[in-house]
$ cat input-v1.pdb   # PDB, C-alpha atoms (C1' of nucleotides)
ATOM      1  CA  MET A  19       9.024   9.983 161.257
ATOM      2  CA  ASP A  20      12.639  10.227 162.198
ATOM      3  CA  THR A  21      13.881  10.407 158.627
ATOM      4  CA  ILE A  22      13.168  14.114 158.578
ATOM      5  CA  SER A  23      15.193  14.936 161.650
ATOM      6  CA  GLU A  24      17.954  12.808 160.198
ATOM      7  CA  SER A  25      17.934  14.319 156.741
ATOM      8  CA  THR A  26      17.822  17.891 157.938
ATOM      9  CA  ALA A  27      21.319  17.445 159.317
ATOM     10  CA  ALA A  28      22.744  19.343 156.345
ATOM     11  CA  GLY A  29      22.039  22.692 157.958
ATOM     12  CA  PRO A  30      24.495  25.156 159.507
ATOM     13  CA  VAL A  31      26.725  23.971 162.302
ATOM     14  CA  THR A  32      25.440  25.794 165.336
ATOM     15  CA  ASP A  33      24.657  29.384 166.140
ATOM     16  CA  HIS A  34      28.146  30.834 165.809
ATOM     17  CA  ASP A  35      28.024  33.025 162.723
ATOM     18  CA  ASP A  36      31.090  32.986 160.494
ATOM     19  CA  ASP A  37      32.022  35.811 158.210
ATOM     20  CA  PRO A  38      31.039  34.461 154.777
ATOM     21  CA  GLY A  39      33.754  36.463 153.056
ATOM     22  CA  ASP A  40      36.998  34.692 153.934
ATOM     23  CA  ALA A  41      38.811  31.665 152.617
ATOM     24  CA  TYR A  42      37.206  29.489 155.273
ATOM     25  CA  CYS A  43      33.901  29.410 153.479
ATOM     26  CA  GLU A  44      35.399  28.319 150.186
ATOM     27  CA  THR A  45      36.502  25.162 151.876
ATOM     28  CA  CYS A  46      33.188  25.040 153.634
ATOM     29  CA  GLN A  47      31.451  24.389 150.320
ATOM     30  CA  CYS A  48      33.709  21.432 149.873
ATOM     31  CA  ARG A  49      32.429  20.198 153.231
ATOM     32  CA  ASP A  50      28.882  20.476 151.980
ATOM     33  CA  VAL A  51      29.671  18.078 149.150
ATOM     34  CA  LEU A  52      31.534  15.748 151.471
ATOM     35  CA  ASP A  53      28.383  15.538 153.559
ATOM     36  CA  LEU A  54      26.552  14.487 150.423
ATOM     37  CA  VAL A  55      28.780  11.612 149.437
ATOM     38  CA  GLY A  56      30.435  11.042 152.796
ATOM     39  CA  SER A  57      27.487   9.323 154.425
ATOM     40  CA  LYS A  58      27.877   5.635 154.855
ATOM     41  CA  TRP A  59      25.994   4.273 151.846
ATOM     42  CA  SER A  60      25.962   7.141 149.342
ATOM     43  CA  VAL A  61      28.990   6.165 147.286
ATOM     44  CA  LEU A  62      27.905   2.546 147.171
ATOM     45  CA  VAL A  63      24.463   3.454 145.868
ATOM     46  CA  ILE A  64      25.885   5.966 143.404
ATOM     47  CA  GLY A  65      28.348   3.344 142.209
ATOM     48  CA  ARG A  66      25.524   0.960 141.384
ATOM     49  CA  LEU A  67      23.428   3.589 139.656
ATOM     50  CA  GLN A  68      26.507   4.573 137.679
ATOM     51  CA  GLU A  69      26.345   1.174 135.959
ATOM     52  CA  ARG A  70      22.656   1.291 135.132
ATOM     53  CA  THR A  71      19.165   2.090 136.331
ATOM     54  CA  HIS A  72      18.064  -0.061 139.244
ATOM     55  CA  ARG A  73      14.786  -0.922 140.896
ATOM     56  CA  PHE A  74      14.576  -0.634 144.665
ATOM     57  CA  GLY A  75      14.914  -4.342 145.310
ATOM     58  CA  GLU A  76      17.754  -4.653 142.831
ATOM     59  CA  LEU A  77      19.663  -1.955 144.645
ATOM     60  CA  LYS A  78      19.047  -3.619 147.968
ATOM     61  CA  ARG A  79      20.513  -6.855 146.653
ATOM     62  CA  ALA A  80      23.365  -5.034 144.884
ATOM     63  CA  VAL A  81      24.475  -3.279 148.063
ATOM     64  CA  PRO A  82      25.032  -6.053 150.595
ATOM     65  CA  GLY A  83      24.351  -5.146 154.195
ATOM     66  CA  ILE A  84      22.134  -2.143 153.573
ATOM     67  CA  THR A  85      18.735  -2.106 155.249
ATOM     68  CA  GLN A  86      15.517  -0.913 153.627
ATOM     69  CA  LYS A  87      15.524   2.067 155.902
ATOM     70  CA  MET A  88      19.024   3.166 154.981
ATOM     71  CA  LEU A  89      18.455   2.535 151.270
ATOM     72  CA  THR A  90      15.271   4.586 151.325
ATOM     73  CA  GLN A  91      16.954   7.306 153.332
ATOM     74  CA  THR A  92      20.027   7.415 151.108
ATOM     75  CA  LEU A  93      17.955   7.512 147.922
ATOM     76  CA  ARG A  94      15.697  10.237 149.345
ATOM     77  CA  ARG A  95      18.675  12.355 150.200
ATOM     78  CA  LEU A  96      20.328  11.892 146.828
ATOM     79  CA  GLU A  97      17.028  12.679 145.146
ATOM     80  CA  HIS A  98      16.605  15.689 147.404
ATOM     81  CA  ASP A  99      20.017  16.963 146.303
ATOM     82  CA  GLY A 100      19.309  16.401 142.628
ATOM     83  CA  LEU A 101      21.764  13.560 142.053
ATOM     84  CA  VAL A 102      19.212  10.783 141.666
ATOM     85  CA  ARG A 103      15.922  10.571 139.742
ATOM     86  CA  ARG A 104      13.017   8.501 141.061
ATOM     87  CA  GLU A 105      10.449   7.211 138.600
ATOM     88  CA  VAL A 106       7.239   5.400 139.487
ATOM     89  CA  LEU A 107       6.162   3.273 136.535
ATOM     90  CA  GLY A 108       2.392   2.926 136.484
ATOM     91  CA  HIS A 109       0.323   2.130 139.546
ATOM     92  CA  MET A 110       0.272  -1.610 139.201
ATOM     93  CA  ARG A 111       0.490  -4.163 141.941
ATOM     94  CA  PRO A 112       3.160  -4.875 142.783
ATOM     95  CA  PRO A 113       4.522  -1.346 142.287
ATOM     96  CA  ARG A 114       7.623  -0.684 140.193
ATOM     97  CA  VAL A 115      10.018   2.161 141.022
ATOM     98  CA  GLU A 116      13.217   2.881 139.162
ATOM     99  CA  TYR A 117      16.208   4.918 140.269
ATOM    100  CA  SER A 118      18.865   6.443 138.022
ATOM    101  CA  LEU A 119      21.509   9.137 138.134
ATOM    102  CA  THR A 120      20.573  12.592 136.876
ATOM    103  CA  ASP A 121      22.949  14.555 134.669
ATOM    104  CA  LEU A 122      24.134  16.267 137.821
ATOM    105  CA  GLY A 123      24.574  12.914 139.483
ATOM    106  CA  VAL A 124      26.731  11.695 136.637
ATOM    107  CA  THR A 125      29.098  14.648 136.989
ATOM    108  CA  ILE A 126      29.929  13.788 140.585
ATOM    109  CA  THR A 127      31.222  10.362 139.639
ATOM    110  CA  GLU A 128      34.391  12.044 138.335
ATOM    111  CA  PRO A 129      35.676  13.464 141.639
ATOM    112  CA  LEU A 130      34.482  10.248 143.245
ATOM    113  CA  GLU A 131      36.649   8.347 140.813
ATOM    114  CA  ALA A 132      39.598  10.516 141.859
ATOM    115  CA  ILE A 133      39.034   9.412 145.438
ATOM    116  CA  ARG A 134      38.739   5.790 144.375
ATOM    117  CA  VAL A 135      42.020   5.972 142.475
ATOM    118  CA  TRP A 136      43.751   7.578 145.444
ATOM    119  CA  SER A 137      42.385   4.848 147.694
ATOM    120  CA  GLU A 138      43.800   2.086 145.529
ATOM    121  CA  GLN A 139      47.164   3.778 145.319
ATOM    122  CA  TYR A 140      47.709   5.031 148.837
ATOM    123  CA  LEU A 141      45.427   3.157 151.217
ATOM    124  CA  PRO A 142      48.157   0.582 151.914
ATOM    125  CA  GLN A 143      50.357   3.428 153.135
ATOM    126  CA  VAL A 144      47.552   4.687 155.337
ATOM    127  CA  ARG A 145      47.074   1.248 156.847
ATOM    128  CA  ALA A 146      50.818   0.955 157.400
ATOM    129  CA  ALA A 147      50.857   4.346 159.105
ATOM    130  CA  ARG A 148      48.057   3.173 161.366
ATOM    131  CA  ARG A 149      49.996   0.089 162.386
ATOM    132  CA  ASP A 150      53.110   2.154 163.075
ATOM    133  CA  PHE A 151      51.187   4.704 165.077
ATOM    134  CA  GLU A 152      49.508   2.072 167.197
ATOM    135  CA  ALA A 153      52.768   0.207 167.674
ATOM    136  CA  ALA A 154      54.417   3.417 168.859
ATOM    137  CA  GLU A 155      51.486   3.961 171.211
ATOM    138  CA  ARG A 156      51.919   0.549 172.786
ATOM    139  CA  ALA A 157      55.674   1.053 173.057
ATOM    140  CA  LEU A 158      55.080   4.115 175.211
ATOM    141  CA  GLY A 159      52.332   2.434 177.197
TER
ATOM    142  CA  MET B  22      39.369   9.440 177.535
ATOM    143  CA  ASP B  23      36.650   9.562 174.964
ATOM    144  CA  THR B  24      38.939  10.463 172.107
ATOM    145  CA  ILE B  25      39.875   6.823 171.731
ATOM    146  CA  SER B  26      36.345   5.542 171.433
ATOM    147  CA  GLU B  27      35.668   8.319 168.972
ATOM    148  CA  SER B  28      38.724   7.800 166.847
ATOM    149  CA  THR B  29      38.386   4.044 166.631
ATOM    150  CA  ALA B  30      35.292   4.521 164.497
ATOM    151  CA  ALA B  31      37.295   3.699 161.377
ATOM    152  CA  GLY B  32      36.929  -0.028 161.922
ATOM    153  CA  PRO B  33      34.820  -2.513 159.970
ATOM    154  CA  VAL B  34      31.138  -1.821 159.527
ATOM    155  CA  THR B  35      29.431  -4.366 161.742
ATOM    156  CA  ASP B  36      29.591  -8.101 162.182
ATOM    157  CA  HIS B  37      28.079  -9.110 158.857
ATOM    158  CA  ASP B  38      30.957 -10.579 156.917
ATOM    159  CA  ASP B  39      31.149  -9.557 153.276
ATOM    160  CA  ASP B  40      32.949 -11.559 150.659
ATOM    161  CA  PRO B  41      36.128  -9.522 150.134
ATOM    162  CA  GLY B  42      36.306 -10.580 146.505
ATOM    163  CA  ASP B  43      33.442  -8.727 144.850
ATOM    164  CA  ALA B  44      33.054  -5.228 143.506
ATOM    165  CA  TYR B  45      31.430  -4.075 146.740
ATOM    166  CA  CYS B  46      34.699  -4.031 148.598
ATOM    167  CA  GLU B  47      36.480  -1.944 145.973
ATOM    168  CA  THR B  48      34.016   0.796 146.655
ATOM    169  CA  CYS B  49      34.342   0.053 150.330
ATOM    170  CA  GLN B  50      37.944   1.259 150.234
ATOM    171  CA  CYS B  51      36.681   4.504 148.841
ATOM    172  CA  ARG B  52      34.441   4.709 151.916
ATOM    173  CA  ASP B  53      37.455   4.286 154.142
ATOM    174  CA  VAL B  54      39.035   7.377 152.610
ATOM    175  CA  LEU B  55      35.789   9.303 152.797
ATOM    176  CA  ASP B  56      35.747   8.603 156.510
ATOM    177  CA  LEU B  57      39.213  10.126 156.675
ATOM    178  CA  VAL B  58      38.453  13.405 154.992
ATOM    179  CA  GLY B  59      34.693  13.392 155.453
ATOM    180  CA  SER B  60      34.762  14.227 159.144
ATOM    181  CA  LYS B  61      33.693  17.736 159.946
ATOM    182  CA  TRP B  62      37.026  19.540 160.257
ATOM    183  CA  SER B  63      39.513  17.385 158.337
ATOM    184  CA  VAL B  64      39.420  19.204 155.016
ATOM    185  CA  LEU B  65      39.634  22.566 156.719
ATOM    186  CA  VAL B  66      42.710  21.564 158.691
ATOM    187  CA  ILE B  67      44.320  19.924 155.653
ATOM    188  CA  GLY B  68      43.618  23.041 153.650
ATOM    189  CA  ARG B  69      45.512  25.168 156.137
ATOM    190  CA  LEU B  70      48.429  22.775 156.382
ATOM    191  CA  GLN B  71      48.544  22.709 152.600
ATOM    192  CA  GLU B  72      49.596  26.351 152.671
ATOM    193  CA  ARG B  73      52.308  25.961 155.303
ATOM    194  CA  THR B  74      53.312  24.448 158.609
ATOM    195  CA  HIS B  75      51.201  25.697 161.486
ATOM    196  CA  ARG B  76      51.510  25.711 165.245
ATOM    197  CA  PHE B  77      48.536  24.502 167.277
ATOM    198  CA  GLY B  78      47.335  27.955 168.207
ATOM    199  CA  GLU B  79      47.805  29.219 164.668
ATOM    200  CA  LEU B  80      45.612  26.438 163.353
ATOM    201  CA  LYS B  81      42.979  27.161 165.938
ATOM    202  CA  ARG B  82      42.833  30.780 164.826
ATOM    203  CA  ALA B  83      42.990  29.811 161.139
ATOM    204  CA  VAL B  84      39.982  27.515 161.406
ATOM    205  CA  PRO B  85      37.206  29.645 162.881
ATOM    206  CA  GLY B  86      34.728  27.817 165.036
ATOM    207  CA  ILE B  87      36.851  24.800 165.850
ATOM    208  CA  THR B  88      37.337  23.932 169.501
ATOM    209  CA  GLN B  89      40.592  22.732 171.050
ATOM    210  CA  LYS B  90      39.092  19.312 171.479
ATOM    211  CA  MET B  91      38.097  18.945 167.857
ATOM    212  CA  LEU B  92      41.385  20.376 166.620
ATOM    213  CA  THR B  93      43.357  17.974 168.786
ATOM    214  CA  GLN B  94      41.129  15.099 167.765
ATOM    215  CA  THR B  95      41.323  15.923 164.077
ATOM    216  CA  LEU B  96      45.099  16.311 164.153
ATOM    217  CA  ARG B  97      45.518  13.060 166.107
ATOM    218  CA  ARG B  98      43.449  11.212 163.568
ATOM    219  CA  LEU B  99      45.290  12.678 160.595
ATOM    220  CA  GLU B 100      48.584  11.900 162.290
ATOM    221  CA  HIS B 101      47.351   8.406 163.062
ATOM    222  CA  ASP B 102      46.562   7.883 159.387
ATOM    223  CA  GLY B 103      49.912   9.199 158.236
ATOM    224  CA  LEU B 104      48.676  12.406 156.603
ATOM    225  CA  VAL B 105      50.041  14.835 159.173
ATOM    226  CA  ARG B 106      53.370  15.073 160.987
ATOM    227  CA  ARG B 107      53.582  16.373 164.547
ATOM    228  CA  GLU B 108      56.845  17.879 165.763
ATOM    229  CA  VAL B 109      57.594  19.000 169.294
ATOM    230  CA  LEU B 110      60.340  21.621 169.209
ATOM    231  CA  GLY B 111      62.389  21.486 172.394
ATOM    232  CA  HIS B 112      60.898  21.161 175.841
ATOM    233  CA  MET B 113      60.672  24.820 176.675
ATOM    234  CA  ARG B 114      57.915  26.570 178.525
ATOM    235  CA  PRO B 115      55.653  27.390 176.893
ATOM    236  CA  PRO B 116      55.849  24.351 174.592
ATOM    237  CA  ARG B 117      55.986  24.705 170.826
ATOM    238  CA  VAL B 118      54.384  22.099 168.557
ATOM    239  CA  GLU B 119      54.281  22.262 164.777
ATOM    240  CA  TYR B 120      52.027  20.418 162.370
ATOM    241  CA  SER B 121      52.642  19.831 158.671
ATOM    242  CA  LEU B 122      51.478  17.558 155.882
ATOM    243  CA  THR B 123      53.474  14.408 155.193
ATOM    244  CA  ASP B 124      54.271  13.352 151.629
ATOM    245  CA  LEU B 125      51.230  11.113 151.838
ATOM    246  CA  GLY B 126      49.176  14.003 153.124
ATOM    247  CA  VAL B 127      50.201  16.143 150.172
ATOM    248  CA  THR B 128      48.997  13.511 147.699
ATOM    249  CA  ILE B 129      45.449  13.595 149.039
ATOM    250  CA  THR B 130      45.082  17.287 148.302
ATOM    251  CA  GLU B 131      44.628  16.394 144.618
ATOM    252  CA  PRO B 132      41.377  14.399 144.903
ATOM    253  CA  LEU B 133      40.299  16.956 147.478
ATOM    254  CA  GLU B 134      40.877  19.640 144.897
ATOM    255  CA  ALA B 135      38.669  17.699 142.471
ATOM    256  CA  ILE B 136      35.878  17.851 145.032
ATOM    257  CA  ARG B 137      36.450  21.533 145.587
ATOM    258  CA  VAL B 138      36.251  22.234 141.871
ATOM    259  CA  TRP B 139      33.045  20.215 141.587
ATOM    260  CA  SER B 140      31.584  22.151 144.504
ATOM    261  CA  GLU B 141      32.243  25.478 142.888
ATOM    262  CA  GLN B 142      30.801  24.353 139.597
ATOM    263  CA  TYR B 143      27.762  22.377 140.649
ATOM    264  CA  LEU B 144      26.790  23.317 144.187
ATOM    265  CA  PRO B 145      24.386  25.977 142.898
ATOM    266  CA  GLN B 146      22.530  23.227 141.033
ATOM    267  CA  VAL B 147      22.410  21.136 144.182
ATOM    268  CA  ARG B 148      20.980  24.024 146.150
ATOM    269  CA  ALA B 149      18.426  24.662 143.413
ATOM    270  CA  ALA B 150      17.429  20.997 143.442
ATOM    271  CA  ARG B 151      16.935  21.215 147.195
ATOM    272  CA  ARG B 152      14.631  24.199 146.838
ATOM    273  CA  ASP B 153      12.623  22.457 144.121
ATOM    274  CA  PHE B 154      12.359  19.271 146.120
ATOM    275  CA  GLU B 155      11.174  21.068 149.210
ATOM    276  CA  ALA B 156       8.764  23.182 147.211
ATOM    277  CA  ALA B 157       7.289  20.027 145.688
ATOM    278  CA  GLU B 158       7.003  18.561 149.172
ATOM    279  CA  ARG B 159       5.026  21.534 150.428
ATOM    280  CA  ALA B 160       2.830  21.477 147.349
ATOM    281  CA  LEU B 161       1.754  17.945 148.196
ATOM    282  CA  GLY B 162       1.413  18.728 151.899
TER
ATOM    283  C1'  DC C  25      50.841  27.336 174.888
ATOM    284  C1'  DT C  26      49.182  22.721 174.124
ATOM    285  C1'  DG C  27      46.646  19.892 175.353
ATOM    286  C1'  DA C  28      43.596  16.152 178.463
ATOM    287  C1'  DA C  29      39.072  15.072 180.924
ATOM    288  C1'  DT C  30      34.317  15.340 181.572
ATOM    289  C1'  DC C  31      29.523  16.020 180.562
ATOM    290  C1'  DC C  32      25.943  16.302 177.234
ATOM    291  C1'  DA C  33      22.903  17.156 173.005
ATOM    292  C1'  DC C  34      22.376  15.544 168.709
ATOM    293  C1'  DC C  35      22.739  12.620 164.738
ATOM    294  C1'  DT C  36      23.501   8.214 162.347
ATOM    295  C1'  DC C  37      22.634   3.845 161.684
ATOM    296  C1'  DG C  38      20.683  -0.825 162.619
ATOM    297  C1'  DA C  39      16.830  -4.030 163.949
ATOM    298  C1'  DT C  40      12.234  -4.958 163.880
ATOM    299  C1'  DA C  41       7.485  -4.704 162.786
ATOM    300  C1'  DC C  42       3.881  -3.070 159.907
ATOM    301  C1'  DT C  43       1.347  -1.199 155.361
ATOM    302  C1'  DG C  44      -0.615  -0.438 150.445
TER
ATOM    303  C1'  DC D  14       7.500  -4.816 145.780
ATOM    304  C1'  DA D  15       8.442  -0.607 147.909
ATOM    305  C1'  DG D  16       8.147   1.495 151.300
ATOM    306  C1'  DT D  17       6.793   3.716 156.609
ATOM    307  C1'  DA D  18       6.984   3.721 161.963
ATOM    308  C1'  DT D  19       9.310   3.092 166.103
ATOM    309  C1'  DC D  20      12.921   1.912 169.292
ATOM    310  C1'  DG D  21      17.533   1.774 170.767
ATOM    311  C1'  DA D  22      22.805   1.694 170.652
ATOM    312  C1'  DG D  23      26.632   4.075 169.619
ATOM    313  C1'  DG D  24      29.369   7.716 167.663
ATOM    314  C1'  DT D  25      30.270  12.880 166.804
ATOM    315  C1'  DG D  26      30.913  17.220 168.043
ATOM    316  C1'  DG D  27      30.416  21.285 171.460
ATOM    317  C1'  DA D  28      31.145  23.595 176.089
ATOM    318  C1'  DT D  29      33.596  23.769 179.976
ATOM    319  C1'  DT D  30      37.089  22.765 183.251
ATOM    320  C1'  DC D  31      41.684  21.298 184.587
ATOM    321  C1'  DA D  32      46.897  20.394 183.934
ATOM    322  C1'  DG D  33      51.971  20.292 182.506
TER
END
$ encode --input "input-v1.pdb" --output "structure tokens"
Amino acid sequence: MDTISESTAAGPVTDHDDDPGDAYCETCQCRDVLDLVGSKWSVLVIGRLQERTHRFGELKRAVPGITQKMLTQTLRRLEHDGLVRREVLGHMRPPRVEYSLTDLGVTITEPLEAIRVWSEQYLPQVRAARRDFEAAERALG
Amino acid sequence: MDTISESTAAGPVTDHDDDPGDAYCETCQCRDVLDLVGSKWSVLVIGRLQERTHRFGELKRAVPGITQKMLTQTLRRLEHDGLVRREVLGHMRPPRVEYSLTDLGVTITEPLEAIRVWSEQYLPQVRAARRDFEAAERALG
DNA sequence: CTGAATCCACCTCGATACTG
DNA sequence: CAGTATCGAGGTGGATTCAG
């Protein structure tokens, strides 16, 4: 089961111990959150659940390109971190499982929205900077 | 030179072509930005440059645990994306290089601040959710 | 001082096949 | 329908060494 070794990646960096008292660790908390929503599919899944509750298959169709494995893994992680609630409805065949945002999960959509707004406003500048940088690279050889 | 293969990771996902007209790709832009600031050291470096201009060695000391390779790589990427400006002062020995945020780089500190605020407010709940989840896991075996 | 180059362990993600 | 198991490619980050 490789999902465990993959999901335990949220641990400390290595064995170098940092003093937990300086300004570095304040920012480090920010990094913890970025690991939450920074993984490839997290924001996409959260975005869908922000609209409404979804069943597993609905989510899979609503997030084009995601595999079952990655959807399962992403949902497990979000559930593990308290952002998503998983509900099994009855034990019928076929089974029915619904996913929705928790109260905590809803709160994170605000900073995510800030990122989305920034993207719309400034991503063109970023792309332009990339072109310039690469052009300058080629000019130098 | 492995820095190139590492830094070119910002490209498109894979070869499955998505219709660029649906809601999926709006969120996809958000992912692009998360790749920018979501890498391990980006927010830490940006945080330092937010305070003031730093020389390379100053940054290295100001971000405990970072290696020269990762600092160079992070700065190159931020410069490549137009968030950081690199200035070589003269050609003396030893060389002197200064890094600072561009105007574009300054703008991104706002959504980053939103994340930081969320972290301070809600990270305890996330950690609690993790403990509960893992406790429930052990209870089931 | 400011890097570049190399080697390597680990993690992430995708593809595929299988199960209740 | 909603997963789990396994394999493999590729990217990320760390340690160390070398160079202008």
$ atom_distance --input "input-v1.pdb" --atom1 "atom CA of Gln139 of chain A" --atom2 "atom CA of Ala80 of chain A"
25.4 Å
$ interface_residues --input "input-v1.pdb" --of "chain D" --to "chain A" --cutoff "7 Å" --atoms "all atoms listed in the file" --output "list of chain:residue names"
D:DC14, D:DA15, D:DA18
$ resolve_selection --input "input-v1.pdb" --expression "the PyMOL selection byres ((chain B and resi 75) around 6)" --output "PyMOL selection string"
chain B and resi 74+76+79-80+119-120
$ write_last_selection --input "input-v1.pdb" --atoms "C-alpha atoms" --output "compact mmCIF listing (two decimals), in the frame of the given file"
# COMPACT_ATOMS: atom_id res chain seq x y z
CA THR B 74 53.31 24.45 158.61
CA ARG B 76 51.51 25.71 165.24
CA GLU B 79 47.80 29.22 164.67
CA LEU B 80 45.61 26.44 163.35
CA GLU B 119 54.28 22.26 164.78
CA TYR B 120 52.03 20.42 162.37
$ resolve_selection --input "input-v1.pdb" --expression "the PyMOL selection byres ((chain B and resi 128-141) around 6)" --output "list of chain:residue names"
A:Cys48, A:Pro129, A:Ala132, A:Ile133, B:Leu125, B:Gly126, B:Val127, B:Gln142, B:Tyr143, B:Leu144
$ residues_around --input "input-v1.pdb" --residues "Ile84 of chain A" --least-positions-apart "6" --cutoff "10 Å" --atoms "only C-alpha atoms (C1' of nucleotides)" --output "ChimeraX atom specification"
/A:58-59,62-63,77-78,90 /C:38
$ write_last_selection --input "input-v1.pdb" --atoms "C-alpha atoms (C1' of nucleotides)" --output "PDB file, in the frame of the given file"
ATOM      1  CA  LYS A  58      27.877   5.635 154.855  1.00  0.00           C
ATOM      2  CA  TRP A  59      25.994   4.273 151.846  1.00  0.00           C
ATOM      3  CA  LEU A  62      27.905   2.546 147.171  1.00  0.00           C
ATOM      4  CA  VAL A  63      24.463   3.454 145.868  1.00  0.00           C
ATOM      5  CA  LEU A  77      19.663  -1.955 144.645  1.00  0.00           C
ATOM      6  CA  LYS A  78      19.047  -3.619 147.968  1.00  0.00           C
ATOM      7  CA  THR A  90      15.271   4.586 151.325  1.00  0.00           C
TER       8      THR A  90
ATOM      9  C1'  DG C  38      20.683  -0.825 162.619  1.00  0.00           C
TER      10       DG C  38
END
$ atom_distance --input "input-v1.pdb" --atom1 "atom C1' of DG27 of chain C" --atom2 "atom CA of Val105 of chain B"
17.3 Å
